[in-house]
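Structure file structure_16.csv with CSV, C-alpha atoms and all ligand atoms:
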```
chain,number,residue,atom,x,y,z
A,1,MET,CA,51.0,-15.2,73.1
A,2,ASN,CA,51.8,-15.3,76.8
A,3,GLN,CA,51.2,-18.9,78.1
A,4,GLN,CA,50.1,-18.9,81.7
A,5,ILE,CA,49.1,-21.4,84.4
A,6,LEU,CA,46.5,-19.9,86.8
A,7,VAL,CA,45.4,-21.1,90.2
A,8,LYS,CA,41.9,-22.6,89.8
A,9,SER,CA,41.2,-24.0,93.3
A,10,TYR,CA,42.9,-24.7,96.6
A,11,PRO,CA,43.3,-28.5,97.0
A,12,GLU,CA,42.1,-30.4,100.0
A,13,GLY,CA,44.7,-33.1,100.6
A,14,TRP,CA,46.8,-34.0,97.6
A,15,LEU,CA,47.4,-31.3,94.9
A,16,LYS,CA,45.8,-32.2,91.6
A,17,GLU,CA,46.4,-31.1,88.0
A,18,SER,CA,42.8,-29.8,88.0
A,19,ASP,CA,43.7,-27.2,90.7
A,20,PHE,CA,45.4,-25.3,87.8
A,21,GLU,CA,44.2,-23.9,84.5
A,22,TYR,CA,46.1,-23.1,81.3
A,23,LYS,CA,45.4,-19.8,79.6
A,24,GLU,CA,46.8,-17.8,76.7
A,25,SER,CA,46.8,-14.0,76.8
A,26,PRO,CA,48.4,-11.2,74.7
A,27,ILE,CA,52.0,-10.3,75.5
A,28,PRO,CA,52.0,-7.0,77.6
A,29,CYS,CA,53.9,-3.9,76.7
A,30,PRO,CA,56.4,-2.3,79.2
A,31,GLY,CA,55.8,1.2,80.6
A,32,GLU,CA,58.3,3.7,82.0
A,33,SER,CA,61.2,2.0,84.0
A,34,GLU,CA,59.8,-1.4,83.0
A,35,VAL,CA,61.0,-4.3,80.9
A,36,LEU,CA,59.3,-7.1,78.9
A,37,ILE,CA,60.8,-10.5,79.8
A,38,ARG,CA,60.6,-13.9,78.1
A,39,ASN,CA,61.0,-16.5,80.8
A,40,GLN,CA,63.3,-19.5,80.1
A,41,PHE,CA,63.3,-21.4,83.4
A,42,LEU,CA,60.7,-21.7,86.1
A,43,SER,CA,61.7,-23.0,89.6
A,44,LEU,CA,59.4,-25.5,91.3
A,45,ASP,CA,59.7,-25.6,95.1
A,46,PRO,CA,57.9,-27.3,97.9
A,47,TYR,CA,56.7,-24.0,99.4
A,48,MET,CA,54.3,-23.7,96.5
A,49,ARG,CA,52.0,-26.3,98.2
A,50,GLY,CA,51.7,-23.9,101.2
A,51,ARG,CA,50.7,-21.0,98.9
A,52,LEU,CA,47.8,-23.1,97.5
A,53,SER,CA,45.9,-22.8,100.7
A,54,PRO,CA,43.7,-20.2,102.3
A,55,SER,CA,45.4,-20.8,105.7
A,56,LYS,CA,47.4,-17.9,107.3
A,57,SER,CA,51.1,-18.5,107.0
A,58,TYR,CA,54.4,-16.5,106.8
A,59,ALA,CA,53.6,-15.6,103.2
A,60,LYS,CA,50.4,-14.6,101.3
A,61,SER,CA,48.3,-17.3,99.6
A,62,ALA,CA,48.4,-17.5,95.8
A,63,GLU,CA,45.1,-16.0,94.6
A,64,ILE,CA,42.5,-18.0,92.8
A,65,GLY,CA,42.3,-16.9,89.2
A,66,ALA,CA,45.8,-15.3,89.3
A,67,VAL,CA,49.0,-16.6,87.7
A,68,MET,CA,50.6,-19.2,90.0
A,69,VAL,CA,53.5,-17.7,92.0
A,70,GLY,CA,57.2,-18.7,91.4
A,71,SER,CA,60.7,-17.5,90.6
A,72,CYS,CA,62.0,-17.6,87.0
A,73,THR,CA,65.0,-16.7,84.9
A,74,GLY,CA,64.4,-14.9,81.6
A,75,ILE,CA,65.7,-12.7,78.9
A,76,VAL,CA,64.8,-9.0,78.4
A,77,LEU,CA,63.0,-8.6,75.1
A,78,GLU,CA,62.2,-4.9,75.3
A,79,SER,CA,63.4,-2.3,77.8
A,80,LYS,CA,62.1,1.1,78.9
A,81,SER,CA,64.6,1.0,81.8
A,82,GLU,CA,68.0,2.7,81.9
A,83,LYS,CA,69.3,-0.1,84.1
A,84,PHE,CA,68.5,-3.1,81.8
A,85,LYS,CA,69.1,-3.7,78.1
A,86,VAL,CA,67.7,-6.1,75.6
A,87,GLY,CA,69.4,-9.5,75.9
A,88,ASP,CA,70.1,-9.2,79.7
A,89,THR,CA,69.3,-12.4,81.7
A,90,VAL,CA,67.3,-11.6,84.8
A,91,LEU,CA,65.9,-13.2,87.9
A,92,ASN,CA,62.2,-12.4,88.4
A,93,THR,CA,59.1,-13.4,90.2
A,94,LEU,CA,56.6,-13.4,87.2
A,95,GLY,CA,55.5,-16.9,88.2
A,96,TRP,CA,54.1,-19.6,85.9
A,97,GLN,CA,54.1,-17.7,82.6
A,98,THR,CA,56.3,-17.4,79.6
A,99,HIS,CA,56.2,-13.6,79.3
A,100,GLY,CA,55.6,-10.6,81.5
A,101,VAL,CA,56.4,-7.0,82.4
A,102,CYS,CA,58.5,-6.1,85.5
A,103,HIS,CA,59.5,-2.9,87.0
A,104,GLU,CA,63.3,-2.5,87.1
A,105,ARG,CA,63.3,-2.6,90.9
A,106,ASP,CA,61.8,-6.1,91.0
A,107,ILE,CA,64.4,-7.9,88.9
A,108,LYS,CA,68.1,-8.8,89.2
A,109,ARG,CA,70.6,-9.2,86.4
A,110,ILE,CA,72.5,-12.5,86.6
A,111,ASP,CA,75.9,-13.3,85.1
A,112,VAL,CA,75.5,-16.4,82.8
A,113,SER,CA,79.0,-16.2,81.2
A,114,LYS,CA,80.4,-19.0,83.4
A,115,ILE,CA,77.3,-20.2,85.3
A,116,PRO,CA,74.2,-21.8,83.9
A,117,GLU,CA,71.1,-19.6,84.5
A,118,HIS,CA,69.1,-22.4,86.3
A,119,ALA,CA,71.8,-22.4,89.0
A,120,TYR,CA,70.4,-19.1,90.2
A,121,LEU,CA,67.1,-20.9,91.0
A,122,GLY,CA,68.9,-23.6,93.0
A,123,VAL,CA,72.4,-23.8,94.4
A,124,LEU,CA,73.1,-20.0,93.9
A,125,GLY,CA,69.5,-19.0,94.7
A,126,MET,CA,66.9,-19.3,97.4
A,127,PRO,CA,67.6,-23.0,98.1
A,128,GLY,CA,71.3,-22.4,98.4
A,129,VAL,CA,70.8,-19.5,100.9
A,130,THR,CA,68.3,-21.7,102.8
A,131,ALA,CA,71.0,-24.4,103.2
A,132,TRP,CA,73.6,-22.0,104.3
A,133,THR,CA,71.4,-20.2,106.8
A,134,GLY,CA,70.0,-23.3,108.5
A,135,LEU,CA,73.4,-25.1,108.6
A,136,ILE,CA,75.8,-22.3,109.5
A,137,ASP,CA,73.5,-19.9,111.5
A,138,ILE,CA,71.4,-22.4,113.3
A,139,CYS,CA,73.2,-25.7,113.5
A,140,GLU,CA,76.7,-24.1,113.9
A,141,PRO,CA,78.5,-27.3,112.9
A,142,LYS,CA,82.0,-27.9,114.3
A,143,ARG,CA,84.8,-30.0,112.8
A,144,GLY,CA,84.4,-33.7,113.7
A,145,GLU,CA,80.6,-33.5,114.5
A,146,THR,CA,78.0,-35.6,112.8
A,147,VAL,CA,75.5,-33.7,110.5
A,148,VAL,CA,72.4,-35.4,109.2
A,149,VAL,CA,70.2,-34.0,106.4
A,150,ASP,CA,67.2,-35.6,104.7
A,151,ALA,CA,65.9,-35.0,101.1
A,152,ALA,CA,69.7,-35.1,100.6
A,153,SER,CA,69.8,-35.2,96.8
A,154,GLY,CA,67.5,-32.2,96.5
A,155,ALA,CA,68.0,-28.5,96.0
A,156,VAL,CA,68.5,-27.6,99.7
A,157,GLY,CA,69.8,-30.9,101.1
A,158,SER,CA,72.6,-31.3,98.5
A,159,VAL,CA,74.1,-27.9,99.5
A,160,VAL,CA,73.7,-28.6,103.2
A,161,GLY,CA,75.8,-31.7,103.0
A,162,GLN,CA,78.5,-30.2,100.8
A,163,LEU,CA,78.9,-27.2,103.1
A,164,ALA,CA,79.1,-29.4,106.1
A,165,LEU,CA,81.8,-31.6,104.5
A,166,ALA,CA,83.8,-28.5,103.7
A,167,ARG,CA,83.7,-27.7,107.5
A,168,GLY,CA,85.2,-31.1,108.4
A,169,CYS,CA,82.0,-32.8,109.6
A,170,THR,CA,80.9,-36.4,109.1
A,171,VAL,CA,77.8,-36.1,106.9
A,172,ILE,CA,75.0,-38.6,106.6
A,173,GLY,CA,72.3,-38.1,104.0
A,174,ILE,CA,68.8,-39.6,103.8
A,175,ALA,CA,67.1,-40.0,100.4
A,176,GLY,CA,64.4,-42.0,98.7
A,177,GLY,CA,65.8,-44.9,96.6
A,178,LYS,CA,69.1,-46.5,95.6
A,179,ASP,CA,69.9,-44.0,92.7
A,180,LYS,CA,69.5,-40.9,94.9
A,181,CYS,CA,71.6,-42.5,97.6
A,182,HIS,CA,74.3,-43.5,95.1
A,183,TYR,CA,74.5,-40.0,93.8
A,184,VAL,CA,74.7,-38.4,97.2
A,185,VAL,CA,77.7,-40.6,98.2
A,186,LYS,CA,79.5,-41.0,94.9
A,187,GLU,CA,78.9,-37.5,93.3
A,188,LEU,CA,78.4,-35.2,96.3
A,189,GLY,CA,80.9,-37.0,98.6
A,190,PHE,CA,78.7,-37.6,101.7
A,191,ASN,CA,80.1,-40.2,104.1
A,192,ALA,CA,76.9,-42.3,103.8
A,193,CYS,CA,73.3,-42.0,102.6
A,194,ILE,CA,70.4,-44.1,104.0
A,195,ASP,CA,67.4,-45.0,101.8
A,196,HIS,CA,64.3,-44.1,103.7
A,197,THR,CA,62.3,-46.6,101.6
A,198,SER,CA,64.2,-49.6,103.0
A,199,HIS,CA,62.3,-51.8,105.3
A,200,ASP,CA,65.0,-51.6,108.0
A,201,PHE,CA,65.5,-47.8,107.6
A,202,LYS,CA,65.5,-47.2,111.4
A,203,ASP,CA,68.2,-49.9,112.1
A,204,GLN,CA,70.4,-48.6,109.2
A,205,MET,CA,70.0,-45.1,110.4
A,206,LYS,CA,71.1,-46.0,114.0
A,207,ALA,CA,74.1,-47.9,112.7
A,208,ALA,CA,75.1,-44.9,110.5
A,209,VAL,CA,75.5,-42.5,113.4
A,210,PRO,CA,77.5,-44.5,116.1
A,211,LYS,CA,78.3,-41.2,117.9
A,212,GLY,CA,74.8,-39.9,117.6
A,213,ILE,CA,73.7,-36.7,115.7
A,214,ASP,CA,75.1,-33.3,116.6
A,215,CYS,CA,73.3,-31.3,113.8
A,216,LEU,CA,70.1,-32.2,112.1
A,217,PHE,CA,68.9,-30.2,109.1
A,218,GLU,CA,65.3,-31.3,108.8
A,219,ASN,CA,63.5,-31.1,105.5
A,220,VAL,CA,61.0,-33.9,105.5
A,221,GLY,CA,59.2,-34.6,108.9
A,222,GLY,CA,57.0,-37.6,109.6
A,223,VAL,CA,58.5,-41.0,110.4
A,224,ILE,CA,62.0,-39.9,109.3
A,225,PHE,CA,62.1,-37.0,111.7
A,226,GLU,CA,60.7,-39.1,114.5
A,227,THR,CA,63.5,-41.6,113.9
A,228,LEU,CA,66.2,-38.9,113.9
A,229,LEU,CA,64.9,-37.2,117.0
A,230,MET,CA,65.6,-40.3,119.0
A,231,LEU,CA,69.3,-40.3,117.8
A,232,MET,CA,70.1,-36.7,118.8
A,233,ASN,CA,73.0,-36.0,121.2
A,234,PRO,CA,72.8,-33.9,124.3
A,235,PHE,CA,73.1,-30.2,123.4
A,236,SER,CA,72.7,-30.9,119.7
A,237,ARG,CA,71.0,-28.5,117.3
A,238,ILE,CA,68.1,-28.9,114.8
A,239,ALA,CA,67.4,-26.5,112.0
A,240,LEU,CA,63.7,-27.1,111.2
A,241,CYS,CA,63.7,-26.1,107.5
A,242,GLY,CA,60.7,-28.0,106.1
A,243,LEU,CA,58.2,-30.9,106.6
A,244,VAL,CA,57.6,-31.8,103.0
A,245,SER,CA,56.2,-35.3,103.7
A,246,GLU,CA,53.3,-33.7,105.5
A,247,TYR,CA,52.4,-30.8,103.2
A,248,ASN,CA,49.6,-32.7,101.5
A,249,VAL,CA,48.4,-34.9,104.3
A,250,ASN,CA,49.1,-33.7,107.9
A,251,PRO,CA,50.0,-30.2,108.7
A,252,TYR,CA,50.3,-30.9,112.4
A,253,GLY,CA,52.4,-34.0,112.8
A,254,ASN,CA,53.0,-35.8,116.1
A,255,HIS,CA,56.6,-35.7,117.1
A,256,SER,CA,58.7,-37.3,119.9
A,257,LEU,CA,59.2,-33.9,121.5
A,258,ARG,CA,60.5,-35.5,124.7
A,259,SER,CA,64.0,-36.0,123.1
A,260,ILE,CA,64.2,-32.2,122.6
A,261,LEU,CA,63.6,-31.7,126.3
A,262,ILE,CA,65.8,-34.4,127.8
A,263,ASN,CA,68.7,-33.7,125.4
A,264,ARG,CA,68.5,-29.9,125.7
A,265,ILE,CA,68.4,-29.7,121.9
A,266,LYS,CA,68.5,-26.2,120.3
A,267,PHE,CA,65.7,-26.5,117.8
A,268,GLN,CA,64.8,-23.6,115.6
A,269,GLY,CA,62.5,-23.1,112.7
A,270,PHE,CA,63.5,-20.5,110.1
A,271,ILE,CA,62.4,-18.9,106.9
A,272,VAL,CA,65.1,-18.1,104.3
A,273,THR,CA,63.8,-14.5,103.9
A,274,ASP,CA,64.3,-13.7,107.6
A,275,LYS,CA,67.6,-11.9,107.0
A,276,PRO,CA,67.6,-10.5,103.5
A,277,GLN,CA,70.8,-8.5,104.3
A,278,THR,CA,72.8,-11.8,104.5
A,279,TRP,CA,71.9,-13.0,101.0
A,280,PRO,CA,74.6,-11.2,98.9
A,281,ALA,CA,77.5,-12.5,101.0
A,282,ILE,CA,76.1,-16.0,101.1
A,283,ILE,CA,75.5,-16.2,97.4
A,284,GLU,CA,79.0,-14.9,96.7
A,285,GLU,CA,80.4,-17.6,98.9
A,286,LEU,CA,78.3,-20.3,97.2
A,287,LYS,CA,79.3,-18.9,93.7
A,288,GLN,CA,83.0,-19.1,94.6
A,289,ALA,CA,82.5,-22.7,95.8
A,290,TYR,CA,80.6,-23.6,92.6
A,291,LEU,CA,83.2,-22.0,90.3
A,292,GLU,CA,86.0,-23.9,92.2
A,293,GLY,CA,84.1,-27.1,91.7
A,294,HIS,CA,83.3,-27.7,95.3
A,295,LEU,CA,79.5,-27.3,95.0
A,296,LYS,CA,77.8,-29.6,92.6
A,297,TYR,CA,74.1,-30.0,91.9
A,298,LYS,CA,71.8,-32.0,89.8
A,299,LEU,CA,69.0,-30.7,87.6
A,300,SER,CA,65.6,-32.3,87.3
A,301,GLN,CA,64.1,-30.7,84.2
A,302,VAL,CA,60.7,-31.0,82.5
A,303,ASP,CA,60.0,-29.1,79.2
A,304,GLY,CA,56.9,-26.9,78.5
A,305,ILE,CA,54.8,-24.9,80.9
A,306,LYS,CA,51.8,-27.2,80.5
A,307,ASN,CA,53.8,-29.9,82.3
A,308,ALA,CA,54.5,-27.6,85.4
A,309,PRO,CA,51.5,-28.8,87.5
A,310,ASN,CA,52.4,-32.5,87.1
A,311,ALA,CA,56.0,-31.7,87.9
A,312,LEU,CA,55.1,-29.9,91.1
A,313,ILE,CA,52.8,-32.9,92.1
A,314,GLY,CA,55.8,-35.2,91.4
A,315,LEU,CA,58.1,-33.0,93.5
A,316,LEU,CA,55.8,-33.3,96.5
A,317,LYS,CA,55.9,-37.1,96.1
A,318,GLY,CA,59.7,-37.2,95.9
A,319,GLN,CA,59.7,-38.0,92.1
A,320,ASN,CA,62.2,-35.3,91.3
A,321,PHE,CA,65.9,-36.1,91.4
A,322,GLY,CA,67.7,-32.8,92.1
A,323,LYS,CA,66.6,-29.2,91.7
A,324,GLN,CA,63.3,-29.2,89.8
A,325,VAL,CA,62.8,-26.6,87.0
A,326,VAL,CA,60.6,-26.3,84.1
A,327,LYS,CA,62.1,-25.2,80.8
A,328,LEU,CA,59.5,-22.8,79.4
A,329,ILE,CA,60.9,-22.1,76.0
B,1,LIG,N1,62.5,-22.7,105.7
B,1,LIG,C1,62.7,-22.1,104.5
B,1,LIG,O1,62.9,-20.9,104.3
B,1,LIG,C2,62.8,-23.0,103.3
B,1,LIG,C3,63.2,-22.6,102.1
B,1,LIG,C4,63.3,-23.5,101.0
B,1,LIG,C5,63.0,-24.8,101.2
B,1,LIG,N2,62.5,-25.2,102.4
B,1,LIG,C6,62.1,-26.6,102.6
B,1,LIG,O2,63.3,-27.4,102.3
B,1,LIG,C7,62.8,-28.7,102.0
B,1,LIG,C8,63.6,-29.2,100.7
B,1,LIG,O3,63.2,-28.3,99.7
B,1,LIG,P1,63.9,-28.5,98.2
B,1,LIG,O4,63.5,-27.3,97.4
B,1,LIG,O5,65.3,-28.8,98.4
B,1,LIG,O6,63.1,-29.8,97.6
B,1,LIG,P2,63.8,-31.1,97.0
B,1,LIG,O7,64.6,-31.7,98.1
B,1,LIG,O8,64.5,-30.7,95.8
B,1,LIG,O9,62.5,-31.9,96.7
B,1,LIG,C9,61.7,-32.4,97.7
B,1,LIG,C10,62.2,-33.8,98.2
B,1,LIG,O10,61.6,-34.1,99.4
B,1,LIG,C11,61.5,-35.5,99.5
B,1,LIG,N3,60.2,-35.9,99.8
B,1,LIG,C12,59.1,-35.4,99.2
B,1,LIG,N4,58.0,-36.1,99.7
B,1,LIG,C13,58.4,-36.9,100.6
B,1,LIG,C14,57.8,-37.8,101.4
B,1,LIG,N5,56.5,-38.0,101.4
B,1,LIG,N6,58.6,-38.5,102.2
B,1,LIG,C15,59.9,-38.4,102.2
B,1,LIG,N7,60.5,-37.5,101.4
B,1,LIG,C16,59.8,-36.8,100.6
B,1,LIG,C17,62.0,-36.1,98.2
B,1,LIG,O11,63.3,-36.6,98.3
B,1,LIG,P3,63.6,-38.1,98.7
B,1,LIG,O12,62.9,-39.0,97.6
B,1,LIG,O13,65.1,-38.2,98.6
B,1,LIG,O14,63.0,-38.4,100.0
B,1,LIG,C18,61.9,-35.0,97.3
B,1,LIG,O15,62.7,-35.2,96.2
B,1,LIG,C19,61.3,-28.7,101.9
B,1,LIG,O16,60.7,-29.1,103.1
B,1,LIG,C20,61.0,-27.2,101.7
B,1,LIG,O17,59.8,-26.8,102.1
B,1,LIG,C21,62.4,-24.4,103.4
```

With the file now loaded, output its structure as structure tokens.
Amino acid sequence: MNQQILVKSYPEGWLKESDFEYKESPIPCPGESEVLIRNQFLSLDPYMRGRLSPSKSYAKSAEIGAVMVGSCTGIVLESKSEKFKVGDTVLNTLGWQTHGVCHERDIKRIDVSKIPEHAYLGVLGMPGVTAWTGLIDICEPKRGETVVVDAASGAVGSVVGQLALARGCTVIGIAGGKDKCHYVVKELGFNACIDHTSHDFKDQMKAAVPKGIDCLFENVGGVIFETLLMLMNPFSRIALCGLVSEYNVNPYGNHSLRSILINRIKFQGFIVTDKPQTWPAIIEELKQAYLEGHLKYKLSQVDGIKNAPNALIGLLKGQNFGKQVVKLI
């Protein structure tokens, strides 16, 4: 049977397990130019909270009663396509379900001979491209500059820091808790990482950037963002990537916008799908860096599709440590 998680309701405030519903249905059959896929890994990402809302945004809401949206990697079990054969590993957007049928134009074969397949959901996938786009296109970091990124141990933040280090920047991460900070400095090589749960976070942050901040890659929002805004240098740049601390509580935060004005900061929001034509070259660059050992990542894995709702709730509270995936089978 195909195991699925459907959207049951749009949450008000914090996401709950009861906003989802588990269902089993028969495994579908592929038609002309289609393949049947058995999914192995499901990616969980902060954007999913935004889809669970009727509000208008840059992407369509997930529909009530439909399978929850998401990206997966899986194996082709049956093929009526000339482009894909049984046993191919493919990237797909079947969402929160173990099986499904896709048209050949909607899937991409991935090479898993030297690279684990879940890497294509993280460091070599959408989060990796997000990191590259915000850092390189928007922040334009220069050798010797100070780059700060929050959610630094996560899927996007960990890549931002490693790319900035490779460009000769001083990189300061921000993460929740000692273990995450230790990983960011010892494993990823950041120059420092400040724990935002410390009582003296603001003082530690100020001491960590004696020359101020030239590039800020913002993932979190709230108090962290407020603190960082006040440390920005004149003519610095901010890539506004996400505001994950506010997704469940406060969609319209109150920021110290005056710093943007007086420091003439270049401050740009972006969506990773803005320039699809840039993806292949970015992924190729990330793949080379990964294969040469310059791009590391950590996996935060739960097993079984029934645990996906709880794992997404945990991700939105910062309980994941690294790229969050669900191993479906
Ligand atoms: N603009 C785009 O196109 C685009 C594309 C992809 C992702 N994004 C954004 O990028 C950001 C990072 O995404 P990701 O996939 O890499 O997620 P992630 O960092 O792997 O996981 C989310 C992390 O956010 C931090 N966090 C969560 N709630 C928090 C809170 N209340 N206060 C402080 N920190 C909190 C936690 O890290 P700590 O415990 O270390 O704080 C948590 O581990 C998100 O804001 C996401 O929406 C944007």

May I ask you to write as a PDB file with C-alpha atoms, keeping the file's coordinate frame all residues lying at most 6 Å from ligand LIG 1 (chain B), with all atoms listed in the file counted?
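The new file selection-v2.pdb reads:
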```
ATOM      1  CA  ASP A  45      59.700 -25.600  95.100  1.00  0.00           C
ATOM      2  CA  PRO A  46      57.900 -27.300  97.900  1.00  0.00           C
ATOM      3  CA  TYR A  47      56.700 -24.000  99.400  1.00  0.00           C
ATOM      4  CA  PRO A 127      67.600 -23.000  98.100  1.00  0.00           C
ATOM      5  CA  THR A 130      68.300 -21.700 102.800  1.00  0.00           C
ATOM      6  CA  ALA A 151      65.900 -35.000 101.100  1.00  0.00           C
ATOM      7  CA  ALA A 152      69.700 -35.100 100.600  1.00  0.00           C
ATOM      8  CA  SER A 153      69.800 -35.200  96.800  1.00  0.00           C
ATOM      9  CA  GLY A 154      67.500 -32.200  96.500  1.00  0.00           C
ATOM     10  CA  ALA A 155      68.000 -28.500  96.000  1.00  0.00           C
ATOM     11  CA  VAL A 156      68.500 -27.600  99.700  1.00  0.00           C
ATOM     12  CA  GLY A 157      69.800 -30.900 101.100  1.00  0.00           C
ATOM     13  CA  ALA A 175      67.100 -40.000 100.400  1.00  0.00           C
ATOM     14  CA  GLY A 176      64.400 -42.000  98.700  1.00  0.00           C
ATOM     15  CA  ASN A 219      63.500 -31.100 105.500  1.00  0.00           C
ATOM     16  CA  VAL A 220      61.000 -33.900 105.500  1.00  0.00           C
ATOM     17  CA  CYS A 241      63.700 -26.100 107.500  1.00  0.00           C
ATOM     18  CA  GLY A 242      60.700 -28.000 106.100  1.00  0.00           C
ATOM     19  CA  LEU A 243      58.200 -30.900 106.600  1.00  0.00           C
ATOM     20  CA  VAL A 244      57.600 -31.800 103.000  1.00  0.00           C
ATOM     21  CA  SER A 245      56.200 -35.300 103.700  1.00  0.00           C
ATOM     22  CA  PHE A 270      63.500 -20.500 110.100  1.00  0.00           C
ATOM     23  CA  ILE A 271      62.400 -18.900 106.900  1.00  0.00           C
ATOM     24  CA  VAL A 272      65.100 -18.100 104.300  1.00  0.00           C
ATOM     25  CA  LEU A 315      58.100 -33.000  93.500  1.00  0.00           C
ATOM     26  CA  LEU A 316      55.800 -33.300  96.500  1.00  0.00           C
ATOM     27  CA  LYS A 317      55.900 -37.100  96.100  1.00  0.00           C
ATOM     28  CA  GLY A 318      59.700 -37.200  95.900  1.00  0.00           C
ATOM     29  CA  GLN A 319      59.700 -38.000  92.100  1.00  0.00           C
ATOM     30  CA  ASN A 320      62.200 -35.300  91.300  1.00  0.00           C
ATOM     31  CA  PHE A 321      65.900 -36.100  91.400  1.00  0.00           C
ATOM     32  CA  GLY A 322      67.700 -32.800  92.100  1.00  0.00           C
ATOM     33  CA  LYS A 323      66.600 -29.200  91.700  1.00  0.00           C
TER      34      LYS A 323
END
```

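For the pair CA of Gly304 (chain A) and CA of Ile5 (chain A), the interatomic distance is 11.2 Å.
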
Item to complete: Mind checking which residues fall within 10 Å of region 284-290 of chain A, counting only C-alpha atoms, ignoring those fewer than 6 positions away in the same chain, and posting them as a VMD selection string?
Response: chain A and resid 115 119 to 120 123 to 125 128 to 129 132 159 162 to 163 166 296 to 297

Discussion item. Residues within 12 Å of region 23-34 of chain A, please, as a VMD selection string. Count all atoms listed in the file; anything in the same chain fewer than 3 positions from it doesn't count.
Written reply: chain A and resid 1 to 8 20 37 to 38 65 to 68 76 to 86 96 to 107 305 to 306

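The residue set within 6 Å of region 90-95 of chain A, counting only C-alpha atoms and dropping same-chain residues fewer than 2 places from it, reads Met68, Val69, Gly70, Ser71, Cys72, Thr73, Gly74, Gln97, Ile107, Lys108, Arg109 and Ile110 of chain A.
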
Worksheet entry | Point-to-point distance from CA of Ile213 (chain A) to CA of Asn263 (chain A), Å rounded to tenths | 11.3 Å

Item to complete: Go through A:Gly161, A:Pro54, A:Pro210, A:Gly177 and flag the residue nearest Gly134 (chain A), using only C-alpha atoms for the distances.
Response: A:Gly161

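With all atoms listed in the file as the basis for measurement, A:Leu15 is the residue among A:Met230, A:Leu15, A:Ile136, A:Met48 that approaches Val249 (chain A) most closely.
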